$ cat entry_7.cif   # mmCIF, C-alpha atoms
data_query
#
loop_
_atom_site.label_atom_id
_atom_site.label_comp_id
_atom_site.auth_asym_id
_atom_site.auth_seq_id
_atom_site.Cartn_x
_atom_site.Cartn_y
_atom_site.Cartn_z
CA MET L 729 84.92 105.02 140.19
CA LEU L 730 82.34 102.29 140.62
CA GLU L 731 83.48 99.20 142.42
CA ASN L 732 83.71 96.29 140.01
CA SER L 733 80.88 94.49 141.81
CA GLU L 734 78.57 97.47 141.19
CA ARG L 735 79.69 98.32 137.68
CA ARG L 736 77.48 97.20 134.82
CA THR L 737 76.76 98.19 131.23
CA VAL L 738 73.39 98.64 129.56
CA ASP L 739 72.04 95.58 127.73
CA LEU L 740 72.26 96.43 124.03
CA ALA L 741 71.26 93.04 122.63
CA GLY L 742 69.00 93.51 119.65
CA THR L 743 69.54 97.25 119.37
CA GLY L 744 70.53 99.06 116.17
CA PRO L 745 74.04 100.27 115.33
CA SER L 746 73.36 103.95 116.07
CA THR L 747 71.95 103.03 119.49
CA ARG L 748 75.03 100.93 120.22
CA ALA L 749 77.27 103.81 119.13
CA VAL L 750 75.57 106.14 121.61
CA HIS L 751 75.20 103.85 124.62
CA ALA L 752 78.00 101.24 124.50
CA GLY L 753 80.79 101.93 126.94
CA THR L 754 78.65 103.96 129.36
CA LEU L 755 78.47 102.87 132.98
CA ARG L 756 75.44 102.02 135.12
CA GLY L 757 75.32 101.58 138.87
CA PRO L 758 73.20 101.97 142.00
CA ASP L 759 74.15 105.60 142.61
CA ILE L 760 73.94 108.78 140.55
CA GLN L 761 76.40 108.43 137.69
CA PRO L 762 77.73 110.81 135.03
CA VAL L 763 76.05 110.48 131.64
CA VAL L 764 79.46 110.81 129.95
CA PRO L 765 82.15 108.44 131.28
CA PRO L 766 84.97 110.47 132.87
CA ILE L 767 88.63 110.53 131.93
CA TYR L 768 90.85 108.56 134.30
CA PRO L 769 94.39 109.90 133.75
CA SER L 770 95.96 108.06 136.67
CA VAL L 771 98.94 105.82 135.90
CA SER L 772 98.59 103.71 139.04
CA TYR L 773 95.76 102.41 141.24
CA MET L 774 95.69 101.62 144.95
CA ALA L 775 94.19 98.71 146.85
CA GLU L 776 93.73 98.21 150.58
CA ASN L 777 94.93 94.63 150.23
CA PRO L 778 98.21 94.36 148.28
CA ASP L 779 97.27 90.82 147.27
CA ASP L 780 94.41 92.32 145.24
CA LEU L 781 96.94 94.04 142.99
CA ARG L 782 98.72 90.76 142.39
CA ALA L 783 95.39 89.06 141.61
CA VAL L 784 94.48 91.73 139.07
CA LEU L 785 97.85 91.48 137.33
CA ALA L 786 97.52 87.69 137.28
CA GLY L 787 94.08 87.92 135.67
CA GLU L 788 92.38 86.33 138.68
CA LYS L 789 90.33 89.41 139.51
CA GLU L 790 88.90 92.39 137.65
CA GLY L 791 90.35 95.80 138.39
CA TYR L 792 93.17 98.18 137.59
CA VAL L 793 96.78 98.35 138.73
CA TYR L 794 98.80 100.15 136.05
CA SER L 795 97.41 101.95 133.00
CA ARG L 796 99.56 100.13 130.47
CA ASN L 797 97.68 97.00 131.58
CA GLY L 798 94.25 98.57 131.85
CA ASN L 799 92.44 101.87 132.36
CA PRO L 800 88.71 102.56 133.00
CA THR L 801 88.35 105.07 130.15
CA VAL L 802 90.15 102.76 127.74
CA ALA L 803 87.98 99.87 128.94
CA ALA L 804 84.86 101.90 128.11
CA LEU L 805 86.15 102.40 124.55
CA ARG L 806 86.91 98.67 124.25
CA GLU L 807 83.33 97.88 125.25
CA SER L 808 81.95 100.42 122.79
CA ILE L 809 83.91 99.04 119.83
CA ALA L 810 83.14 95.42 120.76
CA ALA L 811 79.43 96.29 120.76
CA LEU L 812 79.67 98.04 117.40
CA GLU L 813 81.54 95.10 115.88
CA GLY L 814 79.39 92.40 117.47
CA ALA L 815 82.60 90.98 118.94
CA GLY L 816 83.47 89.02 122.04
CA ASP L 817 86.03 91.71 122.87
CA ALA L 818 88.04 94.52 121.35
CA VAL L 819 91.49 95.95 122.04
CA VAL L 820 92.45 99.57 121.40
CA PHE L 821 95.86 100.91 120.45
CA ALA L 822 97.78 104.14 119.96
CA SER L 823 97.28 104.00 116.17
CA GLY L 824 95.77 101.90 113.42
CA MET L 825 99.22 100.63 112.49
CA ALA L 826 99.82 99.47 116.07
CA ALA L 827 96.52 97.56 115.86
CA ILE L 828 97.56 95.86 112.60
CA HIS L 829 100.97 94.94 114.01
CA ALA L 830 99.52 93.45 117.20
CA ALA L 831 96.77 91.59 115.36
CA LEU L 832 99.21 89.93 112.96
CA LEU L 833 101.43 88.81 115.82
CA ALA L 834 98.45 87.60 117.86
CA VAL L 835 97.20 85.27 115.10
CA GLY L 836 100.59 83.61 114.78
CA VAL L 837 102.32 85.49 111.96
CA GLN L 838 105.95 84.83 112.87
CA ALA L 839 109.22 83.52 111.44
CA GLY L 840 108.68 80.50 109.24
CA THR L 841 105.00 81.20 108.52
CA THR L 842 103.30 82.52 105.39
CA LEU L 843 100.87 85.43 105.18
CA VAL L 844 98.68 85.93 102.11
CA ALA L 845 97.89 89.65 101.73
CA SER L 846 95.77 91.61 99.32
CA ARG L 847 97.56 93.45 96.56
CA ASP L 848 95.24 96.42 97.27
CA LEU L 849 96.35 97.78 100.64
CA TYR L 850 97.17 101.05 102.35
CA GLY L 851 100.77 101.87 101.45
CA VAL L 852 102.06 101.92 105.03
CA THR L 853 100.54 98.48 105.65
CA VAL L 854 102.56 97.16 102.71
CA SER L 855 105.65 98.84 104.18
CA LEU L 856 104.95 97.23 107.57
CA LEU L 857 104.78 93.80 105.95
CA ASN L 858 107.85 94.30 103.77
CA THR L 859 110.15 96.10 106.21
CA VAL L 860 109.16 94.50 109.54
CA PHE L 861 107.60 91.08 108.95
CA VAL L 862 109.62 89.92 105.93
CA PRO L 863 113.01 90.58 107.62
CA MET L 864 111.60 88.81 110.67
CA GLY L 865 111.31 85.64 108.57
CA VAL L 866 107.68 85.84 107.45
CA ARG L 867 106.91 84.94 103.84
CA VAL L 868 104.39 87.48 102.48
CA VAL L 869 102.56 86.54 99.28
CA TYR L 870 100.44 89.23 97.59
CA ALA L 871 97.39 88.31 95.51
CA ASP L 872 94.24 89.86 94.11
CA LEU L 873 91.90 88.90 96.94
CA THR L 874 89.02 90.76 95.30
CA ASN L 875 89.04 87.80 92.89
CA THR L 876 87.76 84.88 94.96
CA GLU L 877 89.09 82.27 92.55
CA GLU L 878 92.59 83.76 92.56
CA ALA L 879 92.36 83.93 96.35
CA ARG L 880 91.40 80.27 96.49
CA ARG L 881 94.28 79.18 94.27
CA THR L 882 96.79 81.25 96.24
CA ILE L 883 95.62 80.05 99.64
CA GLU L 884 95.56 76.41 98.51
CA ARG L 885 99.09 76.73 97.14
CA GLU L 886 100.68 78.74 99.96
CA GLN L 887 98.86 77.29 103.03
CA PRO L 888 99.21 80.52 105.03
CA VAL L 889 98.65 80.93 108.75
CA ALA L 890 96.61 84.07 108.04
CA VAL L 891 95.02 86.10 105.24
CA TYR L 892 94.93 89.90 105.32
CA CYS L 893 92.73 92.26 103.30
CA GLU L 894 90.73 95.50 103.35
CA THR L 895 86.93 95.49 103.04
CA VAL L 896 87.17 98.45 100.66
CA SER L 897 90.68 99.02 99.36
CA ASN L 898 92.66 102.20 99.82
CA PRO L 899 92.58 104.12 97.46
CA THR L 900 91.12 102.21 94.48
CA LEU L 901 87.90 101.24 96.33
CA ARG L 902 87.85 97.59 95.28
CA LEU L 903 85.87 95.24 97.51
CA VAL L 904 86.55 91.83 99.00
CA ASP L 905 83.73 89.32 99.38
CA ILE L 906 84.49 88.71 103.05
CA ALA L 907 82.16 85.73 103.48
CA ALA L 908 83.59 83.90 100.45
CA LEU L 909 87.19 84.70 101.43
CA ALA L 910 86.58 83.61 105.03
CA GLU L 911 85.25 80.27 103.82
CA VAL L 912 88.34 79.66 101.69
CA ALA L 913 90.72 80.74 104.49
CA HIS L 914 89.01 78.56 107.09
CA ASP L 915 88.97 75.57 104.73
CA HIS L 916 92.76 75.75 104.90
CA ARG L 917 92.96 76.54 108.63
CA ALA L 918 94.00 80.15 108.08
CA LEU L 919 92.57 83.09 110.01
CA LEU L 920 91.13 86.08 108.15
CA LEU L 921 92.05 89.62 109.24
CA VAL L 922 90.09 92.48 107.67
CA ASP L 923 90.91 96.17 107.79
CA ASN L 924 87.40 97.61 107.91
CA THR L 925 88.38 101.29 108.23
CA PHE L 926 86.73 102.52 105.02
CA ALA L 927 83.46 100.66 105.64
CA THR L 928 83.21 101.08 109.44
CA PRO L 929 81.15 98.64 111.53
CA LEU L 930 78.14 100.84 110.78
CA LEU L 931 78.11 99.58 107.16
CA VAL L 932 79.87 96.21 107.46
CA ARG L 933 80.28 93.99 110.52
CA ALA L 934 83.21 91.98 109.21
CA LEU L 935 83.07 89.40 112.00
CA GLU L 936 79.49 88.51 111.11
CA GLN L 937 80.69 87.99 107.52
CA GLY L 938 83.18 85.40 108.78
CA ALA L 939 86.34 87.40 109.53
CA ASP L 940 88.30 86.41 112.63
CA VAL L 941 89.66 89.89 113.37
CA SER L 942 88.19 93.24 112.33
CA ILE L 943 90.70 96.10 112.42
CA THR L 944 90.00 99.81 112.17
CA SER L 945 91.94 103.01 112.39
CA THR L 946 89.80 104.83 114.95
CA THR L 947 91.56 108.00 113.83
CA LYS L 948 89.16 108.01 110.89
CA TYR L 949 85.38 107.57 110.99
CA LEU L 950 85.01 106.39 114.58
CA SER L 951 86.58 109.46 116.19
CA GLY L 952 85.50 111.43 113.15
CA HIS L 953 86.79 114.92 113.90
CA GLY L 954 90.47 114.84 112.94
CA ASP L 955 91.70 115.41 116.48
CA VAL L 956 92.87 112.02 117.78
CA VAL L 957 95.01 109.12 116.52
CA GLY L 958 94.10 105.56 117.46
CA GLY L 959 93.36 102.03 116.33
CA ALA L 960 91.32 99.01 117.36
CA ALA L 961 90.99 95.31 116.63
CA ALA L 962 87.96 93.20 117.53
CA GLY L 963 87.38 89.47 117.59
CA ALA L 964 86.89 86.48 119.83
CA TRP L 965 88.00 86.53 123.47
CA ASP L 966 91.08 84.37 122.93
CA VAL L 967 92.60 86.35 120.04
CA CYS L 968 91.78 89.64 121.79
CA GLY L 969 93.51 88.37 124.90
CA ARG L 970 96.65 87.76 122.85
CA MET L 971 96.36 91.20 121.22
CA ALA L 972 95.96 92.84 124.64
CA THR L 973 99.10 91.05 125.81
CA MET L 974 100.95 92.37 122.75
CA GLY L 975 99.80 95.87 123.67
CA VAL L 976 101.07 95.49 127.22
CA PHE L 977 104.45 94.08 126.21
CA VAL L 978 105.13 96.17 123.09
CA GLY L 979 103.53 99.28 124.58
CA GLY L 980 101.42 100.65 121.72
CA ILE L 981 98.46 101.26 124.01
CA ALA L 982 95.74 103.91 123.79
CA GLY L 983 95.84 106.69 126.37
CA PRO L 984 92.78 107.78 128.40
CA PHE L 985 92.45 111.19 126.74
CA GLU L 986 92.55 109.63 123.26
CA ALA L 987 90.06 106.97 124.34
CA TRP L 988 87.68 109.60 125.69
CA LEU L 989 87.83 111.69 122.51
CA THR L 990 87.19 108.58 120.42
CA LEU L 991 84.21 107.64 122.58
CA ARG L 992 82.81 111.13 122.10
CA GLY L 993 83.22 110.83 118.32
CA ILE L 994 81.61 107.38 118.15
CA ARG L 995 78.34 108.74 119.56
CA THR L 996 77.67 110.66 116.35
CA LEU L 997 78.84 107.91 113.99
CA GLY L 998 75.26 107.08 113.03
CA LEU L 999 74.68 110.67 111.93
CA ARG L 1000 77.98 111.38 110.19
CA VAL L 1001 78.50 108.27 108.06
CA PRO L 1002 75.12 108.30 106.23
CA ARG L 1003 75.67 111.98 105.42
CA GLN L 1004 79.19 111.29 104.15
CA CYS L 1005 77.88 108.39 102.05
CA SER L 1006 75.27 110.59 100.36
CA THR L 1007 77.80 113.35 99.71
CA ALA L 1008 80.28 110.84 98.27
CA LEU L 1009 77.64 109.54 95.86
CA ALA L 1010 76.89 113.09 94.71
CA ILE L 1011 80.63 113.73 94.22
CA ALA L 1012 81.02 110.51 92.22
CA HIS L 1013 78.16 111.41 89.87
CA MET L 1014 79.58 114.90 89.31
CA LEU L 1015 83.08 113.60 88.62
CA GLU L 1016 81.84 110.93 86.25
CA ALA L 1017 80.32 113.66 84.07
CA HIS L 1018 83.37 115.97 84.17
CA PRO L 1019 85.42 116.13 80.95
CA LYS L 1020 88.78 116.26 82.76
CA VAL L 1021 88.11 113.03 84.67
CA ALA L 1022 89.05 109.76 82.97
CA ARG L 1023 87.66 107.34 85.55
CA VAL L 1024 85.80 107.40 88.86
CA HIS L 1025 86.16 104.71 91.51
CA TYR L 1026 83.06 104.55 93.73
CA PRO L 1027 81.15 101.36 94.64
CA GLY L 1028 77.83 103.21 94.50
CA LEU L 1029 78.10 103.86 90.77
CA PRO L 1030 76.59 101.27 88.41
CA SER L 1031 79.83 101.62 86.40
CA HIS L 1032 81.84 100.16 89.30
CA PRO L 1033 82.72 96.55 88.36
CA GLN L 1034 81.72 95.34 91.83
CA HIS L 1035 78.56 97.41 92.23
CA GLU L 1036 76.41 94.32 92.85
CA LEU L 1037 78.75 93.01 95.56
CA ALA L 1038 78.93 96.50 97.10
CA THR L 1039 75.15 96.72 97.26
CA ARG L 1040 74.97 93.37 99.03
CA LEU L 1041 77.93 93.95 101.34
CA LEU L 1042 77.41 97.61 102.24
CA GLY L 1043 73.63 97.51 102.46
CA GLY L 1044 72.82 100.33 100.05
CA ARG L 1045 75.23 102.87 101.51
CA TYR L 1046 78.49 102.83 99.64
CA GLY L 1047 80.90 104.65 101.94
CA GLY L 1048 82.29 108.15 102.16
CA MET L 1049 85.37 107.62 99.99
CA VAL L 1050 85.74 108.42 96.28
CA SER L 1051 88.82 108.27 94.08
CA PHE L 1052 89.22 109.41 90.50
CA GLU L 1053 91.80 109.47 87.73
CA LEU L 1054 92.53 112.61 85.76
CA GLY L 1055 92.69 112.51 81.99
CA GLU L 1056 96.19 113.91 82.34
CA ASP L 1057 97.74 111.05 84.31
CA THR L 1058 100.57 112.97 85.99
CA THR L 1059 101.56 114.04 89.48
CA GLU L 1060 101.76 117.63 88.23
CA ALA L 1061 98.13 117.62 87.10
CA ALA L 1062 96.98 116.12 90.41
CA CYS L 1063 98.88 118.75 92.38
CA ARG L 1064 97.35 121.53 90.28
CA VAL L 1065 93.88 120.33 91.27
CA LEU L 1066 94.85 120.24 94.95
CA GLY L 1067 96.35 123.71 94.71
CA ALA L 1068 93.15 125.12 93.20
CA LEU L 1069 90.87 124.02 96.06
CA GLU L 1070 89.21 126.81 98.02
CA LEU L 1071 86.82 125.03 100.41
CA CYS L 1072 87.88 121.40 100.47
CA LEU L 1073 91.21 120.67 102.14
CA ALA L 1074 94.31 119.11 100.64
CA ALA L 1075 95.24 117.01 103.66
CA THR L 1076 95.98 113.46 104.72
CA SER L 1077 93.63 111.21 106.71
CA LEU L 1078 89.94 110.56 106.07
CA GLY L 1079 86.59 110.10 107.79
CA ASP L 1080 86.73 113.70 109.00
CA VAL L 1081 83.94 116.30 109.14
CA PHE L 1082 85.92 118.22 106.50
CA THR L 1083 86.06 117.09 102.87
CA LEU L 1084 89.68 116.07 102.34
CA LEU L 1085 91.64 115.35 99.16
CA LEU L 1086 95.03 113.72 98.85
CA HIS L 1087 97.37 112.45 96.17
CA PRO L 1088 98.21 108.84 97.17
CA VAL L 1089 101.44 108.67 95.14
CA SER L 1090 102.76 111.63 97.17
CA SER L 1091 101.36 110.66 100.57
CA SER L 1092 99.48 107.52 101.66
CA HIS L 1093 101.35 105.28 99.17
CA LEU L 1094 104.63 107.19 99.02
CA THR L 1095 106.57 104.41 100.77
CA MET L 1096 105.51 101.79 98.21
CA SER L 1097 107.79 101.10 95.26
CA PRO L 1098 106.61 102.42 91.86
CA LYS L 1099 106.19 98.81 90.71
CA ASP L 1100 103.98 97.94 93.69
CA ARG L 1101 101.93 101.10 93.19
CA GLU L 1102 101.42 100.26 89.53
CA ARG L 1103 100.37 96.71 90.42
CA ALA L 1104 97.85 98.10 92.92
CA GLY L 1105 96.42 100.57 90.38
CA VAL L 1106 97.69 103.68 92.20
CA LYS L 1107 98.44 105.98 89.27
CA PRO L 1108 100.18 109.40 89.26
CA GLY L 1109 96.96 111.12 88.21
CA LEU L 1110 94.76 109.50 90.87
CA LEU L 1111 93.25 111.61 93.66
CA ARG L 1112 91.34 110.37 96.71
CA ILE L 1113 88.43 112.22 98.30
CA SER L 1114 87.04 111.74 101.80
CA ALA L 1115 83.58 113.31 101.87
CA GLY L 1116 82.86 115.53 104.85
CA ILE L 1117 79.58 116.83 106.24
CA GLU L 1118 79.45 120.21 104.49
CA ASP L 1119 76.53 121.08 102.20
CA ASP L 1120 76.77 119.05 99.00
CA ALA L 1121 76.36 122.05 96.71
CA ASP L 1122 79.36 123.81 98.23
CA VAL L 1123 81.61 120.75 97.96
CA LEU L 1124 80.58 120.05 94.36
CA ALA L 1125 81.11 123.67 93.34
CA ASP L 1126 84.61 123.71 94.82
CA LEU L 1127 85.64 120.46 93.16
CA ALA L 1128 84.27 121.61 89.82
CA GLN L 1129 86.09 124.95 89.90
CA ALA L 1130 89.35 123.25 90.97
CA LEU L 1131 89.14 120.86 88.04
CA ASP L 1132 88.24 123.67 85.62
CA ARG L 1133 91.08 125.92 86.80
CA ALA L 1134 93.67 123.14 86.89
#
$ encode --input "entry_7.cif" --output "structure tokens"
Amino acid sequence: MLENSERRTVDLAGTGPSTRAVHAGTLRGPDIQPVVPPIYPSVSYMAENPDDLRAVLAGEKEGYVYSRNGNPTVAALRESIAALEGAGDAVVFASGMAAIHAALLAVGVQAGTTLVASRDLYGVTVSLLNTVFVPMGVRVVYADLTNTEEARRTIEREQPVAVYCETVSNPTLRLVDIAALAEVAHDHRALLLVDNTFATPLLVRALEQGADVSITSTTKYLSGHGDVVGGAAAGAWDVCGRMATMGVFVGGIAGPFEAWLTLRGIRTLGLRVPRQCSTALAIAHMLEAHPKVARVHYPGLPSHPQHELATRLLGGRYGGMVSFELGEDTTEAACRVLGALELCLAATSLGDVFTLLLHPVSSSHLTMSPKDRERAGVKPGLLRISAGIEDDADVLADLAQALDRA
């Protein structure tokens, strides 16, 4: 390992996102170095002077003592994500949910405070808020944050300590105008936390739009191959310092093997995401013309009610996620479609190299109450697609035959 005095990272100021994805987190030094940062699996680290260990633990000196506090491979991933996000720092966790939990605590969501949250959220995030934070004494108020005026009225009335939303909602693909929402939140001294998993920092740099914390499940697009679970949160140095402390004390840290796999995945982010965006657009057009499909949710379609905002926010690439509602709005019909797939996979998660389909009512939003699902627009006949990197023609043919057979 390089001594801290010799360790440096390449200057990526002014470079493009794909360049940052490839080079951020790599090490430079005076001697011959590996192109790929190694995995450091050690739990503990030695020092000739015991006082150096104390200084590292006290934050007076850079270095490593115990891997729950810091690890070189994990540090490389933190640097990579911070560069992608344009952030002062980033903290990585064992899962996306651990990142959300730590971020909420770090911005002051605690007993006696109010959190305003989007009505359109991943089902497990809603369960986290309702089953962990509400019993803890937090008042959680849900609102349609895709409607800036409703967001303004709610924030003015509730005076929350923080506001929480998703850039592109799971699974209905509704968008939040981050810059407008950040302005409203900051006017009332609230911090804005954005789950940017669906968009990725390749399409949207939420911090540059005004968010205070950008959260992502690195399990998805960043790692990109369906073989590692993780999460990250990026922001200013002070809030990241508090999140890192939460990770140390609560223990939901990323391991070195998971960090290394995620770093490897990030290097091809700039190749995978544009391909997934183009495939998703082709899927959306095909579904919109299919007689068994009642409605398609995809920001890249002119029929999407927020198409103009999506074009401005996502920069002409509209993401790799598509959802659609069957004409027969039942769980049974949705399951028949999943059962008829031959190439695409009926599986949870997203952002993978495989094209994946799931039924949110039966999986990602299973823990939500039927009333909450209905309010969020998650219907029994809705299916969600995560576009992979297969040839478009093969994916479209499989989806079409599954719909025809079902």
$ closest_residue --input "entry_7.cif" --among "L:Asp905, L:Leu1124, L:Pro863, L:Val852" --to "Glu877 of chain L" --atoms "only C-alpha atoms"
L:Asp905
$ atom_distance --input "entry_7.cif" --atom1 "atom CA of Tyr870 of chain L" --atom2 "atom CA of Arg847 of chain L"
5.2 Å
$ atom_distance --input "entry_7.cif" --atom1 "atom CA of Ala1115 of chain L" --atom2 "atom CA of Ser1051 of chain L"
10.7 Å
$ closest_residue --input "entry_7.cif" --among "L:Val1021, L:Asp780, L:Pro762, L:Leu921" --to "Gly836 of chain L" --atoms "all atoms listed in the file"
L:Leu921
$ closest_atom_pairs --input "entry_7.cif" --of "segment 992-1038 of chain L" --to "segment 803-808 of chain L" --cutoff "12 Å" --atoms "only C-alpha atoms" --output "JSON lines"
{"residue": "L:Arg992", "atom": "CA", "partner": "L:Leu805", "partner_atom": "CA", "distance": 9.7}
{"residue": "L:Gly993", "atom": "CA", "partner": "L:Leu805", "partner_atom": "CA", "distance": 10.9}
{"residue": "L:Ile994", "atom": "CA", "partner": "L:Ser808", "partner_atom": "CA", "distance": 8.4}
{"residue": "L:Arg995", "atom": "CA", "partner": "L:Ser808", "partner_atom": "CA", "distance": 9.6}
{"residue": "L:Leu997", "atom": "CA", "partner": "L:Ser808", "partner_atom": "CA", "distance": 12.0}
$ closest_residue --input "entry_7.cif" --among "L:Asp923, L:Asp940, L:Glu986, L:Asp739" --to "Ala815 of chain L" --atoms "all atoms listed in the file"
L:Asp940
$ resolve_selection --input "entry_7.cif" --expression "the PyMOL selection byres ((chain L and resi 999) around 12)" --output "MDAnalysis selection string"
chainID L and resid 745:747 749:750 930 949:950 952 993:998 1000:1006 1081 1116:1117
$ closest_residue --input "entry_7.cif" --among "L:Glu1070, L:Val835, L:His1035, L:Thr1095" --to "Leu856 of chain L" --atoms "only C-alpha atoms"
L:Thr1095
$ residues_around --input "entry_7.cif" --residues "Thr946 of chain L" --least-positions-apart "5" --cutoff "6 Å" --atoms "only C-alpha atoms" --output "PyMOL selection string"
chain L and resi 951+958-959
$ resolve_selection --input "entry_7.cif" --expression "the PyMOL selection byres ((chain L and resi 800) around 12)" --output "number ranges by chain"
L: 729-732, 735, 753-755, 765-773, 790-799, 801-807, 982-985, 987-988
$ resolve_selection --input "entry_7.cif" --expression "the PyMOL selection byres ((chain L and resi 839) around 8)" --output "list of chain:residue names"
L:Val837, L:Gln838, L:Gly840, L:Thr841, L:Met864, L:Gly865, L:Val866
